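> For reference, the file input.tsv (TSV, C-alpha atoms) is included below:
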```
chain	number	residue	atom	x	y	z
Y	1	MET	CA	-151.14	4.40	23.01
Y	2	ARG	CA	-148.64	3.09	20.46
Y	3	ARG	CA	-145.16	2.01	21.37
Y	4	ARG	CA	-142.36	0.80	19.15
Y	5	MET	CA	-140.86	-2.49	20.09
Y	6	SER	CA	-137.88	-4.31	18.78
Y	7	ARG	CA	-137.44	-7.89	19.85
Y	8	MET	CA	-134.39	-9.98	19.14
Y	9	LYS	CA	-136.01	-13.38	19.41
Y	10	ARG	CA	-139.42	-14.74	18.71
Y	11	ILE	CA	-141.43	-15.60	21.82
Y	12	VAL	CA	-144.70	-16.36	20.00
Y	13	GLU	CA	-145.30	-19.48	17.90
Y	14	GLY	CA	-148.97	-18.95	17.10
Y	15	PHE	CA	-151.70	-16.32	17.40
Y	16	GLU	CA	-155.47	-16.84	17.21
Y	17	ALA	CA	-158.29	-14.35	17.58
Y	18	SER	CA	-162.04	-14.88	17.41
Y	19	VAL	CA	-165.26	-12.96	17.94
Y	20	PHE	CA	-168.96	-13.75	17.81
Y	21	ILE	CA	-171.27	-11.36	15.95
Y	22	HIS	CA	-174.88	-11.53	17.06
Y	23	ALA	CA	-177.88	-10.82	14.83
Y	24	THR	CA	-178.44	-7.45	16.54
Y	25	GLU	CA	-174.90	-6.24	15.76
Y	26	ASP	CA	-173.56	-4.54	12.64
Y	27	GLU	CA	-171.13	-7.08	11.15
Y	28	ASP	CA	-169.02	-4.45	9.38
Y	29	LYS	CA	-168.50	-2.52	12.63
Y	30	VAL	CA	-167.55	-5.65	14.55
Y	31	LEU	CA	-165.13	-6.63	11.78
Y	32	ARG	CA	-163.48	-3.21	12.06
Y	33	GLY	CA	-163.13	-3.80	15.81
Y	34	PHE	CA	-161.75	-7.28	15.18
Y	35	GLY	CA	-159.20	-5.66	12.87
Y	36	GLU	CA	-157.84	-3.76	15.88
Y	37	VAL	CA	-156.73	-7.12	17.30
Y	38	PHE	CA	-156.12	-9.18	14.15
Y	39	PRO	CA	-155.00	-7.25	11.04
Y	40	ALA	CA	-157.68	-7.34	8.34
Y	41	GLY	CA	-155.17	-8.00	5.57
Y	42	MET	CA	-154.24	-11.37	7.02
Y	43	GLY	CA	-157.58	-12.98	6.25
Y	44	PHE	CA	-159.99	-14.80	8.50
Y	45	LYS	CA	-162.57	-17.57	8.53
Y	46	ARG	CA	-166.29	-16.70	8.74
Y	47	THR	CA	-168.71	-19.32	10.03
Y	48	VAL	CA	-172.47	-18.87	10.41
Y	49	LEU	CA	-173.90	-20.62	13.46
Y	50	THR	CA	-177.41	-20.90	14.88
Y	51	GLY	CA	-178.07	-19.50	18.34
Y	52	HIS	CA	-180.19	-21.01	21.10
Y	53	TYR	CA	-183.36	-19.33	19.81
Y	54	GLY	CA	-182.61	-19.98	16.14
Y	55	ASN	CA	-180.99	-16.60	15.59
Y	56	PRO	CA	-177.91	-16.42	13.34
Y	57	ILE	CA	-174.53	-15.88	14.99
Y	58	VAL	CA	-171.41	-15.30	12.92
Y	59	LYS	CA	-168.06	-16.49	14.25
Y	60	ILE	CA	-164.94	-14.80	12.90
Y	61	GLU	CA	-161.57	-16.50	13.43
Y	62	GLY	CA	-158.09	-15.46	12.41
Y	63	ARG	CA	-154.91	-17.50	12.83
Y	64	CYS	CA	-151.26	-17.15	12.02
Y	65	LYS	CA	-147.99	-18.83	12.97
Y	66	GLY	CA	-144.30	-18.10	13.18
Y	67	ARG	CA	-142.96	-14.68	12.29
Y	68	LYS	CA	-146.43	-13.34	11.40
Y	69	ALA	CA	-147.75	-14.42	14.79
Y	70	GLN	CA	-144.94	-12.54	16.50
Y	71	GLU	CA	-145.66	-9.44	14.42
Y	72	VAL	CA	-149.37	-9.54	15.28
Y	73	PHE	CA	-148.56	-10.01	18.98
Y	74	ASP	CA	-146.02	-7.14	18.92
Y	75	ARG	CA	-148.64	-4.91	17.28
Y	76	LEU	CA	-151.27	-5.91	19.85
Y	77	VAL	CA	-148.99	-5.31	22.85
Y	78	GLY	CA	-147.85	-2.02	21.35
Y	79	ARG	CA	-151.45	-0.78	21.22
Y	80	MET	CA	-152.51	-1.88	24.70
Y	81	GLU	CA	-152.90	0.56	27.58
Y	82	ARG	CA	-150.12	0.49	30.17
Y	83	ASP	CA	-152.57	-0.47	32.97
Y	84	ASP	CA	-153.80	-3.45	30.96
Y	85	LEU	CA	-150.23	-4.56	30.24
Y	86	ARG	CA	-149.47	-4.31	33.94
Y	87	GLU	CA	-152.57	-6.41	34.71
Y	88	VAL	CA	-151.48	-9.07	32.21
Y	89	THR	CA	-147.98	-9.14	33.69
Y	90	GLU	CA	-149.33	-9.53	37.22
Y	91	SER	CA	-151.77	-12.31	36.29
Y	92	LEU	CA	-149.75	-14.40	33.83
Y	93	GLU	CA	-149.95	-17.59	35.90
Y	94	ARG	CA	-153.77	-17.46	35.69
Y	95	LYS	CA	-153.82	-16.61	31.98
Y	96	ILE	CA	-151.53	-19.41	30.73
Y	97	ASP	CA	-152.69	-23.01	30.36
Y	98	GLY	CA	-150.72	-26.27	30.54
Y	99	SER	CA	-149.90	-26.05	26.82
Y	100	CYS	CA	-148.29	-22.61	27.18
Y	101	HIS	CA	-151.20	-20.70	25.64
Y	102	LEU	CA	-151.83	-17.19	26.89
Y	103	TYR	CA	-155.52	-16.23	26.90
Y	104	LEU	CA	-156.69	-12.63	26.69
Y	105	ARG	CA	-160.11	-11.02	26.21
Y	106	PHE	CA	-160.63	-7.57	24.75
Y	107	CYS	CA	-163.74	-5.43	25.00
Y	108	LYS	CA	-165.59	-5.64	21.70
Y	109	GLN	CA	-167.22	-2.21	22.16
Y	110	GLU	CA	-163.91	-0.47	22.92
Y	111	ALA	CA	-162.35	-2.12	19.84
Y	112	LEU	CA	-165.15	-0.65	17.71
Y	113	ASP	CA	-163.81	2.75	18.81
Y	114	GLY	CA	-160.21	1.79	18.02
Y	115	ARG	CA	-159.12	1.09	21.61
Y	116	LEU	CA	-157.81	-2.16	23.01
Y	117	ARG	CA	-158.94	-2.74	26.61
Y	118	LEU	CA	-158.98	-5.98	28.54
Y	119	ALA	CA	-162.43	-7.22	29.52
Y	120	GLY	CA	-164.24	-10.12	31.11
Y	121	GLY	CA	-167.51	-11.70	30.14
Y	122	ASP	CA	-168.65	-13.14	26.86
Y	123	ASP	CA	-169.08	-10.12	24.56
Y	124	VAL	CA	-165.37	-9.92	23.82
Y	125	ILE	CA	-162.70	-10.56	21.24
Y	126	HIS	CA	-160.87	-13.71	22.33
Y	127	VAL	CA	-157.11	-14.02	21.83
Y	128	LYS	CA	-155.04	-17.17	22.25
Y	129	VAL	CA	-151.26	-16.90	21.96
Y	130	LYS	CA	-148.94	-19.92	21.83
Y	131	VAL	CA	-145.83	-18.92	23.77
Y	132	ALA	CA	-142.48	-20.32	22.66
Y	133	ALA	CA	-141.23	-21.62	26.01
Y	134	ARG	CA	-138.45	-24.19	26.38
Y	135	PRO	CA	-139.13	-26.37	28.25
Y	136	ALA	CA	-142.82	-26.07	27.38
Y	137	LYS	CA	-144.18	-25.47	30.87
Y	138	PRO	CA	-146.60	-22.79	32.07
Y	139	ASP	CA	-144.15	-21.30	34.58
Y	140	ARG	CA	-141.50	-21.02	31.85
Y	141	ALA	CA	-144.04	-19.39	29.48
Y	142	ALA	CA	-144.91	-16.89	32.22
Y	143	LYS	CA	-141.23	-16.02	32.64
Y	144	VAL	CA	-140.73	-15.60	28.89
Y	145	LEU	CA	-143.71	-13.24	28.70
Y	146	ARG	CA	-142.75	-11.38	31.88
Y	147	ASP	CA	-139.26	-10.77	30.46
Y	148	TYR	CA	-140.75	-9.68	27.14
Y	149	LEU	CA	-143.13	-7.21	28.81
Y	150	ALA	CA	-140.56	-5.91	31.34
Y	151	GLY	CA	-139.17	-3.32	28.97
Y	152	ILE	CA	-142.64	-2.06	28.08
Y	153	VAL	CA	-144.36	-1.96	31.48
Y	154	ARG	CA	-142.60	0.12	34.09
```
Show me the file's structure as structure tokens.


Amino acid sequence: MRRRMSRMKRIVEGFEASVFIHATEDEDKVLRGFGEVFPAGMGFKRTVLTGHYGNPIVKIEGRCKGRKAQEVFDRLVGRMERDDLREVTESLERKIDGSCHLYLRFCKQEALDGRLRLAGGDDVIHVKVKVAARPAKPDRAAKVLRDYLAGIVR
């Protein structure tokens, strides 16, 4: 579900996304799913780690700041299902930390199929969004996001 959004002011200062790719997974497929959250053309960092049993695990991380971060966030929100946006809106106080970061998790398997759905657990694409809230307090960040999402979620 794609929606067009026009925002007058920037509410996002930074955007980070990461995903772990296990040895049993097809890296190209997971990268395509990751591209649903973080645009492939923006570049990312690839780190090879060693799992508990010595198996290789690849960590993919993408970061951007400023105007690009806002564009990536707008794109992400525009592709989310209305029910998921409603869930985010209703749970903002639990999803924002003391540094005004919003944390979201998206189902890795759904992303492989081109859909963005919120998920719990560990097999997810992690998103961390730095909210531009003045003063920089979690309750203010929640209000900024709630106002931002108000025109989208009805």

> Could you name the residues that touch Y:Gly62 at 9 Å or less, counting only C-alpha atoms, but leaving out those on the same chain fewer than 6 positions away, as a PyMOL selection string?

chain Y and resi 15-18+38-39+42-45

> Report as a VMD selection string all protein, DNA and RNA residues lying within 12 Å of stretch 87-100 of chain Y, evaluated on all atoms listed in the file, omitting residues in the same chain fewer than 5 positions from it.

chain Y and resid 11 to 14 77 80 to 82 105 to 106 117 to 119 127 to 154

> From the set Y:His52, Y:Thr24, Y:Val37, Y:Leu116, which residue has the shortest atom-to-atom contact distance to Y:Ala69, counting all atoms listed in the file?

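Residue with the minimum atom-to-atom distance to Y:Ala69: Y:Val37.
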
> Restricting the calculation to only C-alpha atoms, which member of Y:Val58, Y:Asp113, Y:Leu104, Y:Val30 is positioned closest to Y:Leu85?

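The shortest atom-to-atom distance to Y:Leu85 comes from Y:Leu104.
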
> Enclose all atoms of stretch 38-56 of chain Y listed in the file in an axis-aligned box, grow every side by 3 Å, and hand back centre and edge lengths in Å to one decimal, as lines of an AutoDock Vina configuration file.


```
center_x = -168.8
center_y = -14.1
center_z = 13.3
size_x = 35.1
size_y = 19.8
size_z = 21.5
```

> Please compute the atom CA of Y:Cys64-atom CA of Y:Cys107 distance, one decimal, in Å.

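If I compute the distance from atom CA of Y:Cys64 to atom CA of Y:Cys107, I get 21.5 Å.
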
> From the set Y:Ala40, Y:Asp84, Y:Gly78, Y:Arg115, which residue has the shortest atom-to-atom contact distance to Y:Arg63, counting only C-alpha atoms?

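Of Y:Ala40, Y:Asp84, Y:Gly78, Y:Arg115, the one nearest Y:Arg63, counting only C-alpha atoms, is Y:Ala40.
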